[in-house]
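Dropping start.txt in here (compact mmCIF, C-alpha atoms and all ligand atoms):
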```txt
# COMPACT_ATOMS: atom_id res chain seq x y z
CA MET A 212 0.00 0.00 0.00
CA GLU A 213 1.30 3.44 -0.92
CA VAL A 214 1.07 6.83 0.76
CA LYS A 215 -1.52 8.70 -1.32
CA ASN A 216 -1.62 11.99 0.56
CA LYS A 217 1.44 14.07 -0.32
CA ASN A 218 0.95 16.22 2.80
CA LEU A 219 1.84 13.20 4.92
CA LYS A 220 5.14 12.80 3.09
CA GLU A 221 6.14 16.42 2.79
CA THR A 222 5.56 17.41 6.40
CA PHE A 223 6.95 14.29 8.14
CA ILE A 224 3.50 13.62 9.59
CA PHE A 225 3.57 10.03 8.40
CA GLU A 226 6.15 8.81 10.95
CA ASN A 227 5.03 11.15 13.73
CA ASP A 228 1.30 10.61 13.39
CA PHE A 229 -1.12 9.16 15.93
CA TYR A 230 -4.13 7.10 14.86
CA TYR A 231 -6.30 8.75 17.45
CA HIS A 232 -9.49 6.67 17.14
CA LEU A 233 -7.54 3.41 17.09
CA GLY A 234 -5.23 4.49 19.94
CA ILE A 235 -2.15 3.40 17.96
CA ALA A 236 1.09 5.23 17.09
CA PRO A 237 3.27 4.46 14.06
CA ASN A 238 6.28 2.99 15.86
CA SER A 239 8.48 -0.08 15.38
CA GLN A 240 6.12 -2.29 17.38
CA THR A 241 3.16 -1.27 15.20
CA LYS A 242 5.17 -2.07 12.08
CA GLU A 243 6.19 -5.47 13.43
CA THR A 244 2.63 -6.34 14.53
CA PHE A 245 0.81 -5.39 11.33
CA LYS A 246 3.33 -5.94 8.52
CA ASP A 247 1.86 -9.35 7.56
CA VAL A 248 -1.80 -8.24 7.29
CA LYS A 249 -3.56 -9.44 4.12
CA PHE A 250 -7.27 -9.25 5.10
CA VAL A 251 -9.14 -6.54 6.93
CA CYS A 252 -12.64 -7.67 7.90
CA LEU A 253 -14.99 -4.96 9.08
CA GLY A 254 -18.49 -5.03 10.54
CA GLY A 255 -20.68 -2.70 12.56
CA LYS A 256 -20.87 -4.41 15.94
CA GLN A 257 -18.03 -4.76 18.43
CA SER A 258 -19.31 -8.13 19.71
CA ARG A 259 -19.67 -9.57 16.19
CA MET A 260 -16.14 -8.60 15.20
CA LYS A 261 -14.74 -10.12 18.43
CA LYS A 262 -16.64 -13.35 17.68
CA PHE A 263 -15.43 -13.28 14.08
CA ALA A 264 -11.81 -12.83 15.19
CA GLU A 265 -12.19 -15.82 17.55
CA TYR A 266 -13.84 -17.86 14.77
CA LEU A 267 -10.98 -17.12 12.37
CA HIS A 268 -8.41 -17.83 15.07
CA GLU A 269 -9.88 -21.17 16.20
CA GLU A 270 -11.72 -22.59 13.20
CA VAL A 271 -9.99 -21.17 10.15
CA LEU A 272 -6.37 -20.25 10.82
CA GLY A 273 -5.42 -22.85 13.47
CA ARG A 274 -4.47 -20.47 16.30
CA PRO A 275 -1.58 -18.69 14.60
CA GLN A 276 1.13 -17.21 16.84
CA ASN A 277 1.33 -13.99 14.79
CA SER A 278 -1.80 -12.79 16.60
CA VAL A 279 -2.23 -10.10 19.26
CA PHE A 280 -3.01 -11.73 22.61
CA GLN A 281 -3.98 -10.34 26.00
CA LYS A 282 -0.80 -10.31 28.13
CA GLY A 283 0.13 -13.76 29.43
CA THR A 284 -2.90 -15.50 27.84
CA ASN A 285 -3.89 -17.14 24.58
CA LYS A 286 -6.98 -14.91 24.29
CA LEU A 287 -7.17 -12.33 21.50
CA CYS A 288 -6.76 -8.76 22.67
CA ASN A 289 -8.90 -5.75 21.71
CA ILE A 290 -6.02 -3.66 20.38
CA SER A 291 -8.07 -0.45 20.28
CA GLU A 292 -9.71 -0.77 23.69
CA GLN A 293 -7.95 2.29 25.15
CA ALA A 294 -9.27 4.63 22.47
CA GLY A 295 -12.81 3.38 23.19
CA ARG A 296 -14.25 3.87 19.69
CA TYR A 297 -13.70 0.70 17.68
CA SER A 298 -12.81 -2.89 18.65
CA MET A 299 -9.91 -4.35 16.71
CA TYR A 300 -8.37 -7.84 16.84
CA LYS A 301 -5.56 -9.46 14.90
CA THR A 302 -5.19 -13.17 14.24
CA GLY A 303 -2.58 -14.35 11.76
CA CYS A 304 -2.78 -12.25 8.60
CA CYS A 305 -6.30 -10.97 9.44
CA ILE A 306 -7.66 -7.96 11.23
CA SER A 307 -11.25 -8.04 12.48
CA VAL A 308 -12.51 -4.58 13.38
CA SER A 309 -15.84 -2.92 14.19
CA HIS A 310 -16.78 0.26 12.31
CA GLY A 311 -19.90 1.37 14.20
CA MET A 312 -23.03 2.52 12.37
CA GLY A 313 -23.03 4.75 9.33
CA MET A 314 -20.62 6.17 6.81
CA PRO A 315 -19.03 8.91 8.99
CA SER A 316 -17.93 6.35 11.59
CA LEU A 317 -16.69 3.96 8.91
CA SER A 318 -14.79 6.71 7.11
CA ILE A 319 -12.77 7.76 10.19
CA LEU A 320 -11.77 4.14 10.75
CA MET A 321 -10.77 3.61 7.11
CA HIS A 322 -8.47 6.67 7.05
CA GLU A 323 -6.62 5.44 10.13
CA LEU A 324 -6.47 1.80 8.95
CA PHE A 325 -5.08 2.86 5.57
CA LYS A 326 -2.42 5.00 7.23
CA MET A 327 -1.51 2.29 9.72
CA LEU A 328 -1.24 -0.51 7.15
CA THR A 329 0.71 1.71 4.77
CA PHE A 330 3.11 2.61 7.58
CA ALA A 331 3.50 -1.13 8.31
CA GLU A 332 4.43 -1.62 4.62
CA CYS A 333 1.63 -4.10 3.97
CA SER A 334 0.97 -5.21 0.42
CA LYS A 335 -1.96 -6.84 -1.39
CA VAL A 336 -4.48 -6.23 1.37
CA THR A 337 -8.14 -7.12 0.78
CA PHE A 338 -10.93 -5.33 2.65
CA VAL A 339 -14.21 -7.13 3.38
CA ARG A 340 -17.27 -5.68 5.09
CA LEU A 341 -19.55 -8.30 6.66
CA GLY A 342 -22.82 -6.89 7.84
CA THR A 343 -26.57 -7.02 8.19
CA SER A 344 -29.07 -5.41 5.85
CA GLY A 345 -32.69 -5.23 4.83
CA GLY A 346 -33.43 -7.26 1.70
CA ILE A 347 -35.68 -6.09 -1.13
CA GLY A 348 -37.65 -9.01 -2.51
CA LEU A 349 -35.42 -11.56 -0.73
CA GLU A 350 -36.09 -14.23 1.85
CA ALA A 351 -34.64 -13.45 5.32
CA GLY A 352 -31.24 -15.13 5.63
CA THR A 353 -30.22 -14.54 2.01
CA ILE A 354 -26.66 -13.30 1.68
CA VAL A 355 -26.06 -10.44 -0.75
CA ILE A 356 -22.62 -9.82 -2.21
CA THR A 357 -22.47 -6.26 -3.46
CA LYS A 358 -21.68 -5.51 -7.09
CA GLN A 359 -22.34 -1.76 -7.10
CA SER A 360 -23.18 0.44 -4.13
CA TYR A 361 -25.78 3.16 -4.56
CA SER A 362 -26.54 6.26 -2.55
CA SER A 363 -29.97 6.76 -0.95
CA GLN A 364 -30.81 9.01 -3.93
CA LEU A 365 -30.27 5.99 -6.18
CA GLU A 366 -27.00 7.22 -7.65
CA PRO A 367 -24.37 4.56 -8.50
CA TYR A 368 -21.54 6.47 -6.81
CA TYR A 369 -20.62 8.00 -3.46
CA THR A 370 -20.80 11.75 -2.95
CA GLN A 371 -18.31 13.23 -0.54
CA VAL A 372 -18.55 16.88 0.45
CA VAL A 373 -15.06 18.40 0.74
CA CYS A 374 -14.49 22.07 1.55
CA GLY A 375 -18.13 22.72 0.76
CA LYS A 376 -18.00 21.06 -2.66
CA GLN A 377 -19.43 17.74 -3.80
CA GLN A 378 -17.11 15.09 -5.21
CA ARG A 379 -18.37 11.94 -6.94
CA ILE A 380 -16.46 8.76 -6.22
CA GLU A 381 -16.77 5.37 -7.89
CA SER A 382 -18.40 2.83 -5.53
CA SER A 383 -18.25 -0.58 -7.17
CA CYS A 384 -16.68 -3.68 -5.62
CA ASP A 385 -14.07 -6.07 -7.01
CA PRO A 386 -15.95 -8.33 -9.50
CA CYS A 387 -13.58 -11.34 -9.19
CA LEU A 388 -13.78 -11.33 -5.42
CA ALA A 389 -17.59 -11.05 -5.60
CA GLN A 390 -17.72 -14.04 -7.95
CA ARG A 391 -15.42 -16.07 -5.69
CA LEU A 392 -17.61 -15.32 -2.67
CA LEU A 393 -20.71 -16.34 -4.63
CA GLU A 394 -19.11 -19.70 -5.51
CA ILE A 395 -18.16 -20.28 -1.87
CA GLY A 396 -21.74 -19.46 -0.82
CA SER A 397 -23.08 -22.16 -3.11
CA GLU A 398 -20.39 -24.67 -2.03
CA LEU A 399 -21.60 -24.09 1.54
CA ASP A 400 -25.22 -24.49 0.42
CA LEU A 401 -26.11 -20.97 1.52
CA LYS A 402 -28.64 -18.81 -0.30
CA THR A 403 -26.22 -16.25 -1.81
CA GLU A 404 -26.75 -13.66 -4.55
CA ILE A 405 -24.78 -10.89 -6.21
CA GLY A 406 -26.69 -7.60 -6.42
CA ASN A 407 -26.54 -3.89 -5.89
CA THR A 408 -26.71 -2.37 -2.42
CA MET A 409 -28.09 0.99 -1.27
CA SER A 410 -26.45 2.82 1.64
CA CYS A 411 -28.62 5.23 3.63
CA ASP A 412 -27.68 7.77 6.30
CA GLY A 413 -30.19 6.39 8.77
CA PHE A 414 -32.08 3.24 9.70
CA TYR A 415 -35.68 4.47 9.94
CA GLU A 416 -37.10 7.13 7.63
CA GLU A 417 -34.02 7.19 5.37
CA GLN A 418 -34.61 3.50 4.53
CA GLY A 419 -38.35 4.08 4.07
CA ARG A 420 -39.23 2.47 7.44
CA MET A 421 -42.60 3.44 8.84
CA ASP A 422 -41.98 2.25 12.42
CA GLY A 423 -39.58 4.97 13.66
CA ALA A 424 -40.58 7.61 16.23
CA LEU A 425 -41.32 9.87 13.27
CA CYS A 426 -42.57 9.16 9.76
CA GLY A 427 -42.82 11.88 7.15
CA PHE A 428 -44.16 9.88 4.19
CA THR A 429 -46.97 7.53 3.16
CA LYS A 430 -46.97 3.77 2.58
CA ALA A 431 -47.43 4.46 -1.15
CA GLU A 432 -44.31 6.66 -1.20
CA LYS A 433 -42.33 3.98 0.62
CA MET A 434 -43.34 1.31 -1.90
CA VAL A 435 -42.51 3.56 -4.89
CA PHE A 436 -39.04 4.12 -3.40
CA LEU A 437 -38.29 0.45 -2.67
CA GLU A 438 -39.73 -0.78 -5.97
CA LYS A 439 -37.83 1.82 -7.97
CA ALA A 440 -34.59 0.84 -6.19
CA HIS A 441 -35.25 -2.82 -6.91
CA ASN A 442 -36.64 -2.65 -10.45
CA GLU A 443 -34.63 0.20 -11.95
CA CYS A 444 -31.31 -0.12 -10.11
CA GLY A 445 -31.09 -3.83 -9.27
CA ILE A 446 -30.81 -3.01 -5.58
CA LYS A 447 -31.24 -6.15 -3.49
CA ASN A 448 -30.45 -4.83 -0.05
CA ILE A 449 -30.19 -1.71 2.09
CA GLU A 450 -27.62 -0.92 4.76
CA MET A 451 -25.62 2.06 5.94
CA GLU A 452 -21.94 1.82 4.96
CA SER A 453 -21.09 0.00 1.72
CA CYS A 454 -21.16 3.09 -0.53
CA ALA A 455 -18.49 5.02 1.42
CA PHE A 456 -16.59 1.78 2.02
CA ALA A 457 -16.33 0.96 -1.69
CA ALA A 458 -15.47 4.57 -2.55
CA LEU A 459 -12.65 4.80 0.02
CA CYS A 460 -11.23 1.44 -1.12
CA HIS A 461 -11.42 2.63 -4.72
CA ARG A 462 -9.48 5.82 -3.92
CA TYR A 463 -6.86 3.93 -1.94
CA GLN A 464 -6.66 1.28 -4.70
CA VAL A 465 -7.37 -1.73 -2.51
CA LYS A 466 -9.65 -4.65 -3.36
CA CYS A 467 -12.95 -4.75 -1.52
CA ALA A 468 -16.10 -6.79 -1.04
CA THR A 469 -19.29 -6.21 0.93
CA VAL A 470 -21.16 -9.31 2.09
CA CYS A 471 -24.40 -8.68 4.00
CA VAL A 472 -27.12 -10.98 5.19
CA ALA A 473 -30.68 -9.76 4.62
CA LEU A 474 -32.49 -9.89 7.96
CA LEU A 475 -35.95 -9.28 6.48
CA ASP A 476 -37.75 -8.51 3.24
CA ARG A 477 -38.52 -4.80 3.23
CA LEU A 478 -41.31 -5.31 0.67
CA LYS A 479 -43.15 -7.28 3.39
CA THR A 480 -42.15 -5.79 6.75
CA ASP A 481 -40.05 -3.23 8.61
CA HIS A 482 -39.59 -5.47 11.64
CA ILE A 483 -36.43 -7.45 12.42
CA ASN A 484 -36.65 -10.78 14.24
CA ALA A 485 -33.73 -10.31 16.66
CA ALA A 486 -33.72 -14.00 17.65
CA GLU A 487 -32.61 -15.03 14.16
CA VAL A 488 -29.69 -12.62 13.78
CA THR A 489 -26.93 -14.76 15.40
CA GLY A 490 -27.57 -17.71 13.08
CA HIS A 491 -27.48 -15.44 10.04
CA GLU A 492 -24.20 -13.90 11.21
CA LEU A 493 -22.59 -17.33 11.50
CA ASN A 494 -23.27 -17.95 7.80
CA LEU A 495 -21.36 -14.75 6.98
CA PHE A 496 -18.45 -16.01 9.08
CA ARG A 497 -18.44 -19.29 7.15
CA ILE A 498 -18.33 -17.66 3.70
CA ILE A 499 -15.61 -15.17 4.57
CA GLY A 500 -13.67 -17.73 6.61
CA LYS A 501 -13.61 -20.07 3.63
CA MET A 502 -12.56 -17.29 1.27
CA ILE A 503 -9.66 -16.43 3.59
CA SER A 504 -8.57 -20.03 4.14
CA SER A 505 -8.66 -20.79 0.41
CA SER A 506 -6.65 -17.65 -0.41
CA THR A 507 -4.03 -18.25 2.28
CA THR A 508 -3.53 -21.91 1.29
CA SER A 509 -3.38 -21.12 -2.45
CA GLU A 510 -0.58 -18.59 -1.76
CA ASN A 511 1.56 -21.01 0.28
C1 LIG A 601 -26.65 -2.51 9.10
O1 LIG A 601 -27.11 -2.62 10.35
C2 LIG A 601 -26.88 -1.40 11.06
C3 LIG A 601 -28.19 -0.79 11.44
O2 LIG A 601 -28.94 -1.67 12.24
C4 LIG A 601 -26.04 -0.56 10.13
O3 LIG A 601 -24.73 -0.38 10.59
C5 LIG A 601 -26.03 -1.35 8.92
O4 LIG A 601 -25.37 -0.98 7.81
N1 LIG A 602 -29.47 -2.93 8.73
C1 LIG A 602 -30.01 -1.91 8.04
O1 LIG A 602 -29.35 -0.88 7.83
N2 LIG A 602 -31.25 -2.05 7.57
C2 LIG A 602 -32.00 -3.13 7.82
O2 LIG A 602 -33.17 -3.19 7.40
C3 LIG A 602 -31.43 -4.19 8.55
C4 LIG A 602 -30.14 -4.06 9.00
```

Using the file provided, produce a representation of the structure as structure tokens.
Amino acid sequence: MEVKNKNLKETFIFENDFYYHLGIAPNSQTKETFKDVKFVCLGGKQSRMKKFAEYLHEEVLGRPQNSVFQKGTNKLCNISEQAGRYSMYKTGCCISVSHGMGMPSLSILMHELFKMLTFAECSKVTFVRLGTSGGIGLEAGTIVITKQSYSSQLEPYYTQVVCGKQQRIESSCDPCLAQRLLEIGSELDLKTEIGNTMSCDGFYEEQGRMDGALCGFTKAEKMVFLEKAHNECGIKNIEMESCAFAALCHRYQVKCATVCVALLDRLKTDHINAAEVTGHELNLFRIIGKMISSSTTSEN
């Protein structure tokens, strides 16, 4: 990974930086710890990303020693605990890190991860977001691998406002990686589809939900929105991060995939059955775990 911001080079910030929200400084220990990273797996929840790190460690990678452990134990350590914003774990060549909810939270994390991994001189790093979403016209439990991320205004790109001006950024995912994940989904007998994903800046009204504390639209308007997204843009699911995620990965020139389970069909309901979420999450772990194990063995 290369330094892309010339200000970091010209003003010696790069070596003297501090990744504030991760609670990590670019020093020799950071370089040693992260130099072998090949996969960065991100998801919203702290508890899910801890579980995913433990799953990779135990079930996929065979308890590798190049992991970050709690002092004097064989338990994985939350490397970013001090900073109190995100939870980050490292097992073998993988990082598992929570990004919180929404594109602003994800974006702060991505800037600091990119700087940290670039400082550690990592190469060929793949970024994967594993998350939950609302499906459009899909059975609950279906896994959607994103082809193209859309904004909530149904635009096939991400808009970032910089110094008061709008910039459009490409927001598609790596097509080969998407295809590989689809194949793994079918090998595991999981209902998996490739489709487009819409990212909204909220969970309730922004996604056309009628069960928030406030609702400023009619059922007919909701259905027009969801059906237009589905029929005209091929959008199969709605979540809150993939558009900024794909755009940031595109700008930093790293491969990315977004893999989200649909917790419900938004054409039928707005309500999530919380009891089913854990089982759905485990299926995401299995797909991404298999992708990682097949890539690491094919490279050895
Ligand atoms: C999916 O789930 C969260 C909202 O419940 C949000 O982070 C997302 O993208
Ligand atoms: N996450 C979302 O953002 N939307 C849903 O409907 C479900 C999970």

Which range 306-354 of chain A residues have any atom within 9 Å of an atom of range 450-462 of chain A, and for each, what is the nearest pair of atoms with distance in Å to one decimal, counting all atoms listed in the file, rows sorted by chain and number, as a Markdown table?
```
| residue | atom | partner | partner_atom | distance |
| --- | --- | --- | --- | --- |
| A:Met312 | CA | A:Met451 | CA | 6.9 |
| A:Gly313 | CA | A:Met451 | CA | 5.0 |
| A:Met314 | CA | A:Glu452 | CA | 4.9 |
| A:Pro315 | CA | A:Ala455 | CA | 8.5 |
| A:Ser316 | CA | A:Glu452 | CA | 9.0 |
| A:Leu317 | CA | A:Glu452 | CA | 6.9 |
| A:Ser318 | CA | A:Ala455 | CA | 7.0 |
| A:Met321 | CA | A:Leu459 | CA | 7.4 |
| A:His322 | CA | A:Leu459 | CA | 8.4 |
| A:Phe338 | CA | A:Cys460 | CA | 7.8 |
| A:Arg340 | CA | A:Ser453 | CA | 7.6 |
| A:Gly342 | CA | A:Glu450 | CA | 8.3 |
| A:Thr343 | CA | A:Glu450 | CA | 7.1 |
| A:Ser344 | CA | A:Glu450 | CA | 4.8 |
| A:Gly345 | CA | A:Glu450 | CA | 6.7 |
```

Option closest in space to His310 in chain A, from A:Asn277, A:Ser258, A:Asn238, A:Leu393 [counting all atoms listed in the file]: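 With all atoms listed in the file as the atom set, the closest residue is A:Ser258.
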
All residues having an atom within 9 Å of ligand LIG 602 (chain A) (only C-alpha atoms and all ligand atoms) as number ranges by chain: A: 312-313, 342-346, 410-415, 418, 420, 448-452, 471-477, 481-483

Test item: residues at most 8 Å from range 242-257 of chain A, all atoms listed in the file, excluding those fewer than 4 positions along its chain, as a PyMOL selection string: chain A and resi 237-238+261+277+279+297-298+303-312+328+330-342+503

Build an axis-aligned box that encloses every atom of range 289-292 of chain A listed in the file, pad it by 3 Å on each side, and report its centre and edge lengths in Å to one decimal, as JSON.
```
{"center_x": -7.9, "center_y": -3.1, "center_z": 22.0, "size_x": 9.7, "size_y": 11.3, "size_z": 9.4}
```

Given only C-alpha atoms and all ligand atoms as the counted atoms, nearest of A:Asn407, A:Thr507, A:Thr469, A:Asn285 to ligand LIG 601 (chain A): A:Thr469

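Taking CA of Asn216 in chain A and CA of Arg379 in chain A as the two end points, the separation is 18.4 Å.
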